[in-house]
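Asker: Below you'll find model_15.pdb; it's PDB, C-alpha atoms.
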ATOM      1  CA  MET U   1     -44.122 -48.379 -83.832
ATOM      2  CA  LYS U   2     -41.259 -46.330 -84.900
ATOM      3  CA  LYS U   3     -42.561 -43.629 -82.716
ATOM      4  CA  THR U   4     -42.770 -45.990 -79.752
ATOM      5  CA  GLN U   5     -39.288 -47.199 -80.391
ATOM      6  CA  LYS U   6     -38.020 -43.659 -80.504
ATOM      7  CA  VAL U   7     -39.758 -42.911 -77.216
ATOM      8  CA  LEU U   8     -38.364 -46.083 -75.685
ATOM      9  CA  LEU U   9     -34.943 -45.334 -77.036
ATOM     10  CA  ILE U  10     -35.048 -41.759 -75.714
ATOM     11  CA  SER U  11     -36.436 -43.015 -72.402
ATOM     12  CA  GLY U  12     -33.685 -45.612 -72.178
ATOM     13  CA  ILE U  13     -31.001 -43.089 -72.990
ATOM     14  CA  SER U  14     -32.491 -40.671 -70.456
ATOM     15  CA  ALA U  15     -32.676 -43.409 -67.818
ATOM     16  CA  ALA U  16     -29.089 -44.411 -68.554
ATOM     17  CA  ALA U  17     -28.017 -40.764 -68.396
ATOM     18  CA  LEU U  18     -29.882 -40.286 -65.097
ATOM     19  CA  PHE U  19     -28.351 -43.468 -63.756
ATOM     20  CA  GLY U  20     -24.906 -42.213 -64.860
ATOM     21  CA  VAL U  21     -25.532 -38.857 -63.180
ATOM     22  CA  TRP U  22     -26.717 -40.656 -60.031
ATOM     23  CA  VAL U  23     -23.618 -42.909 -60.005
ATOM     24  CA  ALA U  24     -21.361 -39.916 -60.665
ATOM     25  CA  SER U  25     -23.078 -37.934 -57.861
ATOM     26  CA  PHE U  26     -22.702 -40.902 -55.522
ATOM     27  CA  LYS U  27     -19.014 -41.189 -56.398
ATOM     28  CA  VAL U  28     -18.502 -37.430 -55.907
ATOM     29  CA  MET U  29     -20.278 -37.605 -52.544
ATOM     30  CA  GLU U  30     -18.284 -40.673 -51.569
ATOM     31  CA  ASN U  31     -15.038 -38.929 -52.558
ATOM     32  CA  SER U  32     -16.221 -35.822 -50.739
ATOM     33  CA  ASN U  33     -16.842 -37.847 -47.560
ATOM     34  CA  GLU U  34     -13.444 -39.503 -47.874
ATOM     35  CA  TYR U  35     -11.869 -36.087 -48.436
ATOM     36  CA  GLU U  36     -13.634 -34.718 -45.345
ATOM     37  CA  LYS U  37     -12.503 -37.722 -43.320
ATOM     38  CA  ALA U  38      -8.950 -37.253 -44.558
ATOM     39  CA  GLN U  39      -9.167 -33.540 -43.666
ATOM     40  CA  LEU U  40     -10.414 -34.370 -40.156
ATOM     41  CA  VAL U  41      -7.651 -36.922 -39.655
ATOM     42  CA  MET U  42      -5.076 -34.392 -40.858
ATOM     43  CA  GLU U  43      -6.488 -31.656 -38.610
ATOM     44  CA  ALA U  44      -6.513 -34.012 -35.632
ATOM     45  CA  ARG U  45      -2.905 -35.006 -36.341
ATOM     46  CA  GLU U  46      -1.872 -31.348 -36.658
ATOM     47  CA  ALA U  47      -3.712 -30.482 -33.409
ATOM     48  CA  LYS U  48      -1.972 -33.350 -31.612
ATOM     49  CA  GLU U  49       1.410 -32.254 -32.962
ATOM     50  CA  GLN U  50       0.683 -28.658 -31.906
ATOM     51  CA  ILE U  51      -0.223 -29.824 -28.383
ATOM     52  CA  GLU U  52       2.973 -31.876 -28.230
ATOM     53  CA  ARG U  53       5.024 -28.852 -29.391
ATOM     54  CA  GLU U  54       3.328 -26.636 -26.788
ATOM     55  CA  ARG U  55       3.988 -29.220 -24.054
ATOM     56  CA  GLU U  56       7.628 -29.428 -25.099
ATOM     57  CA  ASP U  57       7.871 -25.611 -25.121
ATOM     58  CA  GLU U  58       6.270 -25.487 -21.645
ATOM     59  CA  LYS U  59       8.720 -28.123 -20.407
ATOM     60  CA  ILE U  60      11.676 -26.168 -21.805
ATOM     61  CA  GLU U  61      10.310 -22.929 -20.305
ATOM     62  CA  ALA U  62       9.804 -24.622 -16.922
ATOM     63  CA  GLN U  63      13.409 -25.859 -17.027
ATOM     64  CA  ARG U  64      14.615 -22.347 -17.902
ATOM     65  CA  GLU U  65      12.573 -20.872 -15.053
ATOM     66  CA  ALA U  66      13.900 -23.462 -12.606
ATOM     67  CA  LYS U  67      17.483 -22.691 -13.668
ATOM     68  CA  ALA U  68      16.826 -18.952 -13.409
ATOM     69  CA  LYS U  69      15.297 -19.357  -9.941
ATOM     70  CA  ALA U  70      18.235 -21.476  -8.810
ATOM     71  CA  ALA U  71      20.681 -18.888 -10.152
ATOM     72  CA  GLU U  72      18.701 -16.075  -8.536
ATOM     73  CA  LEU U  73      18.635 -17.891  -5.191
ATOM     74  CA  GLU U  74      22.371 -18.566  -5.451
ATOM     75  CA  ALA U  75      22.998 -14.895  -6.227
ATOM     76  CA  LYS U  76      20.824 -13.843  -3.278
ATOM     77  CA  THR U  77      22.436 -16.195  -0.816
ATOM     78  CA  ALA U  78      26.015 -16.592  -1.972
ATOM     79  CA  ILE U  79      28.884 -14.735  -0.364
ATOM     80  CA  TYR U  80      31.869 -13.829  -2.483
ATOM     81  CA  ASP U  81      34.175 -12.926   0.384
ATOM     82  CA  GLY U  82      34.820 -14.261   3.884
ATOM     83  CA  ILE U  83      32.369 -15.574   6.423
ATOM     84  CA  GLU U  84      33.111 -14.674  10.010
ATOM     85  CA  PHE U  85      31.606 -16.159  13.144
ATOM     86  CA  GLU U  86      33.272 -13.749  15.551
ATOM     87  CA  THR U  87      33.119  -9.979  15.397
ATOM     88  CA  GLY U  88      36.689  -9.390  16.496
ATOM     89  CA  LEU U  89      35.391  -6.331  18.369
ATOM     90  CA  ASP U  90      36.376  -5.175  21.840
ATOM     91  CA  GLU U  91      36.163  -1.971  23.916
ATOM     92  CA  GLY U  92      38.967  -0.434  21.870
ATOM     93  CA  SER U  93      37.344  -1.058  18.462
ATOM     94  CA  THR U  94      36.890   1.920  16.169
ATOM     95  CA  GLU U  95      33.565   3.152  14.840
ATOM     96  CA  THR U  96      34.600   1.980  11.366
ATOM     97  CA  GLU U  97      35.250  -1.549  12.663
ATOM     98  CA  VAL U  98      31.893  -1.667  14.467
ATOM     99  CA  MET U  99      30.051  -0.358  11.413
ATOM    100  CA  ASP U 100      31.822  -2.936   9.221
ATOM    101  CA  VAL U 101      30.616  -5.738  11.528
ATOM    102  CA  MET U 102      27.062  -4.354  11.578
ATOM    103  CA  HIS U 103      27.143  -4.033   7.791
ATOM    104  CA  LYS U 104      28.164  -7.694   7.405
ATOM    105  CA  MET U 105      25.419  -8.716   9.842
ATOM    106  CA  THR U 106      22.744  -7.198   7.567
ATOM    107  CA  HIS U 107      23.761  -9.429   4.648
ATOM    108  CA  GLN U 108      21.708 -12.389   5.834
ATOM    109  CA  LYS U 109      18.541 -10.289   5.608
ATOM    110  CA  VAL U 110      18.871  -8.028   2.558
ATOM    111  CA  ARG U 111      18.836  -8.323  -1.225
ATOM    112  CA  SER U 112      21.744  -6.654  -2.956
ATOM    113  CA  GLN U 113      23.676  -7.129  -6.142
ATOM    114  CA  ASP U 114      26.855  -8.096  -4.325
ATOM    115  CA  LYS U 115      27.750  -8.890  -0.738
ATOM    116  CA  TRP U 116      31.233  -8.990   0.704
ATOM    117  CA  GLY U 117      31.468 -10.857   3.964
ATOM    118  CA  ALA U 118      28.844 -11.958   6.454
ATOM    119  CA  ILE U 119      28.530 -12.310  10.195
ATOM    120  CA  PRO U 120      25.513 -14.101  11.706
ATOM    121  CA  MET U 121      22.752 -11.843  13.030
ATOM    122  CA  SER U 122      22.638 -13.802  16.292
ATOM    123  CA  PRO U 123      21.367 -12.459  19.647
ATOM    124  CA  LYS U 124      24.867 -12.971  21.130
ATOM    125  CA  ILE U 125      26.554 -10.907  18.424
ATOM    126  CA  ILE U 126      23.838  -8.232  18.497
ATOM    127  CA  GLU U 127      24.313  -7.905  22.263
ATOM    128  CA  GLU U 128      28.079  -7.698  21.867
ATOM    129  CA  VAL U 129      27.723  -4.880  19.318
ATOM    130  CA  TYR U 130      25.126  -3.082  21.465
ATOM    131  CA  ILE U 131      27.393  -3.082  24.542
ATOM    132  CA  ILE U 132      30.388  -1.760  22.576
ATOM    133  CA  VAL U 133      28.340   1.012  20.916
ATOM    134  CA  ASP U 134      26.629   1.927  24.198
ATOM    135  CA  SER U 135      29.982   2.465  25.941
ATOM    136  CA  SER U 136      31.483   4.397  22.995
ATOM    137  CA  ASP U 137      31.768   8.033  22.048
ATOM    138  CA  PHE U 138      31.403   7.344  18.306
ATOM    139  CA  GLN U 139      30.305  10.114  15.970
ATOM    140  CA  HIS U 140      27.236   8.043  14.963
ATOM    141  CA  ARG U 141      26.718   6.546  18.424
ATOM    142  CA  ASP U 142      23.006   7.439  18.685
ATOM    143  CA  LYS U 143      22.227   6.077  15.209
ATOM    144  CA  LEU U 144      24.217   2.862  15.798
ATOM    145  CA  LEU U 145      22.672   2.386  19.243
ATOM    146  CA  SER U 146      19.189   2.865  17.782
ATOM    147  CA  ILE U 147      19.885   0.217  15.108
ATOM    148  CA  ALA U 148      21.383  -2.249  17.600
ATOM    149  CA  ALA U 149      18.451  -1.712  19.995
ATOM    150  CA  ARG U 150      15.946  -2.537  17.243
ATOM    151  CA  TRP U 151      17.905  -5.658  16.377
ATOM    152  CA  ARG U 152      17.952  -6.685  20.065
ATOM    153  CA  ASP U 153      14.131  -6.514  19.923
ATOM    154  CA  PHE U 154      14.129  -8.608  16.702
ATOM    155  CA  ASP U 155      12.826  -5.574  14.801
ATOM    156  CA  PHE U 156      14.357  -5.745  11.338
ATOM    157  CA  SER U 157      11.734  -3.562   9.651
ATOM    158  CA  THR U 158      14.388  -1.014   8.599
ATOM    159  CA  ILE U 159      17.135  -3.506   7.737
ATOM    160  CA  VAL U 160      17.416  -2.231   4.142
ATOM    161  CA  GLN U 161      17.917   1.339   5.377
ATOM    162  CA  ASP U 162      20.324   0.053   8.048
ATOM    163  CA  HIS U 163      22.381  -1.776   5.423
ATOM    164  CA  ASN U 164      22.425   1.205   3.096
ATOM    165  CA  PHE U 165      23.515   3.523   5.938
ATOM    166  CA  PHE U 166      26.604   1.340   6.439
ATOM    167  CA  TRP U 167      27.072   0.902   2.692
ATOM    168  CA  GLU U 168      26.934   4.658   2.042
ATOM    169  CA  ASP U 169      29.349   5.319   4.908
ATOM    170  CA  LYS U 170      31.819   3.033   3.109
ATOM    171  CA  GLU U 171      31.100   5.031  -0.071
ATOM    172  CA  GLY U 172      29.834   1.892  -1.748
ATOM    173  CA  THR U 173      29.263   1.836  -5.490
ATOM    174  CA  VAL U 174      28.030  -1.742  -5.905
ATOM    175  CA  GLY U 175      25.862  -3.761  -3.551
ATOM    176  CA  LYS U 176      23.228  -1.289  -2.375
ATOM    177  CA  ALA U 177      20.360  -3.198  -0.738
ATOM    178  CA  HIS U 178      17.098  -3.092  -2.660
ATOM    179  CA  GLY U 179      14.840  -5.307  -0.559
ATOM    180  CA  THR U 180      14.656  -7.940   2.116
ATOM    181  CA  LEU U 181      15.075 -11.677   1.718
ATOM    182  CA  SER U 182      11.994 -13.791   2.373
ATOM    183  CA  ARG U 183      12.129 -16.015   5.447
ATOM    184  CA  ALA U 184      12.867 -19.037   3.214
ATOM    185  CA  GLU U 185      15.644 -17.153   1.405
ATOM    186  CA  GLU U 186      17.177 -16.083   4.716
ATOM    187  CA  VAL U 187      17.130 -19.678   5.947
ATOM    188  CA  GLU U 188      18.819 -20.732   2.704
ATOM    189  CA  PHE U 189      21.409 -17.962   3.148
ATOM    190  CA  ILE U 190      22.153 -19.137   6.679
ATOM    191  CA  GLU U 191      22.404 -22.783   5.616
ATOM    192  CA  VAL U 192      24.691 -21.974   2.694
ATOM    193  CA  ASN U 193      26.949 -19.577   4.558
ATOM    194  CA  PHE U 194      26.887 -20.312   8.280
ATOM    195  CA  LYS U 195      26.694 -24.126   8.462
TER     196      LYS U 195
END
When written as structure tokens, how does the structure in this file appear?

Answerer:
Amino acid sequence: MKKTQKVLLISGISAAALFGVWVASFKVMENSNEYEKAQLVMEAREAKEQIEREREDEKIEAQREAKAKAAELEAKTAIYDGIEFETGLDEGSTETEVMDVMHKMTHQKVRSQDKWGAIPMSPKIIEEVYIIVDSSDFQHRDKLLSIAARWRDFDFSTIVQDHNFFWEDKEGTVGKAHGTLSRAEEVEFIEVNFK
């Protein structure tokens, strides 16, 4: 019987130990699951916060871009010196005066760092300039007549070169044209400066 008791005692201790191991394993697994859940919740929270930060950064960047575009449009369309609606030209005008008017006319169509003065590129004004140049004996008569004739035909394909011809003649150092305004930018220029 002592032997049986020993076996029972050992079996009982073993069963208790196994039960303890099982309970401990269950607790470890339960803690592990809770830890994993806590990790997932933390990761989800961090992901949400990251998305919110990215959205805020995108919003700030969009605002910066909008401000930059507005400033760029203002720089493209703004005039820093007088707007004129009449050329002031007549049959006695000098070549320099005619070229100055033609130069100012190009400003509604070209991109340049700075623009001083503007005169609308209207058919009436183009015709006025054409007639004066045609009846002149200017040094650059043929060149000016060629430019005015293109403008009469609404051909502004060389407007940048036209502007820079006038600009170089004035020995310009700032304000060289480097492109043409889009149709929308030209409309904005006209609305800002000629209305």

Asker: Just to confirm, what's the straight-line distance from CA of Gln139 in chain U to CA of Ile125 in chain U in Å (one decimal)?

Answerer: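 Between these atoms lies a distance of 21.5 Å.
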
Asker: I would like the residues chosen by the PyMOL selection byres ((chain U and resi 161-178) around 8) on the shown file; could you give them as an NGL selection string?

Answerer: :U and (99-100 or 102-103 or 106-107 or 110-115 or 147 or 158-160 or 179-180)

Asker: What's the separation between CA of Ile119 in chain U and CA of Met105 in chain U, in Å to one decimal place?

Answerer: 4.8 Å

Asker: Measuring between only C-alpha atoms, which one of U:Tyr130, U:Phe138, U:Trp22, U:Phe189 shows the shortest distance to Arg150 in chain U?

Answerer: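 Ranked by minimum distance to Arg150 in chain U, first place goes to U:Tyr130.
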
Asker: Determine, counting only C-alpha atoms, which protein, DNA and RNA residues have an atom within 12 Å of an atom of Val101 in chain U; residues of the same chain fewer than 2 positions away are not included. Present the result as a VMD selection string.

Answerer: chain U and resid 83 to 90 93 to 99 103 to 107 116 to 121 125 to 126 128 to 130 132 to 133 144 148 163 166 to 167

Asker: What gap, in Å, lies between CA of Ala184 in chain U and CA of Phe154 in chain U?

Answerer: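 Separating CA of Ala184 in chain U from CA of Phe154 in chain U is a distance of 17.1 Å.
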
Asker: What are the centre and the three edge lengths of an axis-aligned box that wraps all atoms of range 55-59 of chain U in the file, given that 8 Å is added to every side, written as lines of an AutoDock Vina configuration file and rounded to one decimal in Å?

Answerer:
center_x = 6.4
center_y = -27.5
center_z = -22.8
size_x = 20.7
size_y = 19.9
size_z = 20.7

Asker: Using all atoms listed in the file for the distances, tell me which of U:Lys109, U:Lys143, U:Lys48, U:Lys124 is nearest to Ser157 in chain U.

Answerer: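 Among the listed residues, the smallest separation from Ser157 in chain U belongs to U:Lys109.
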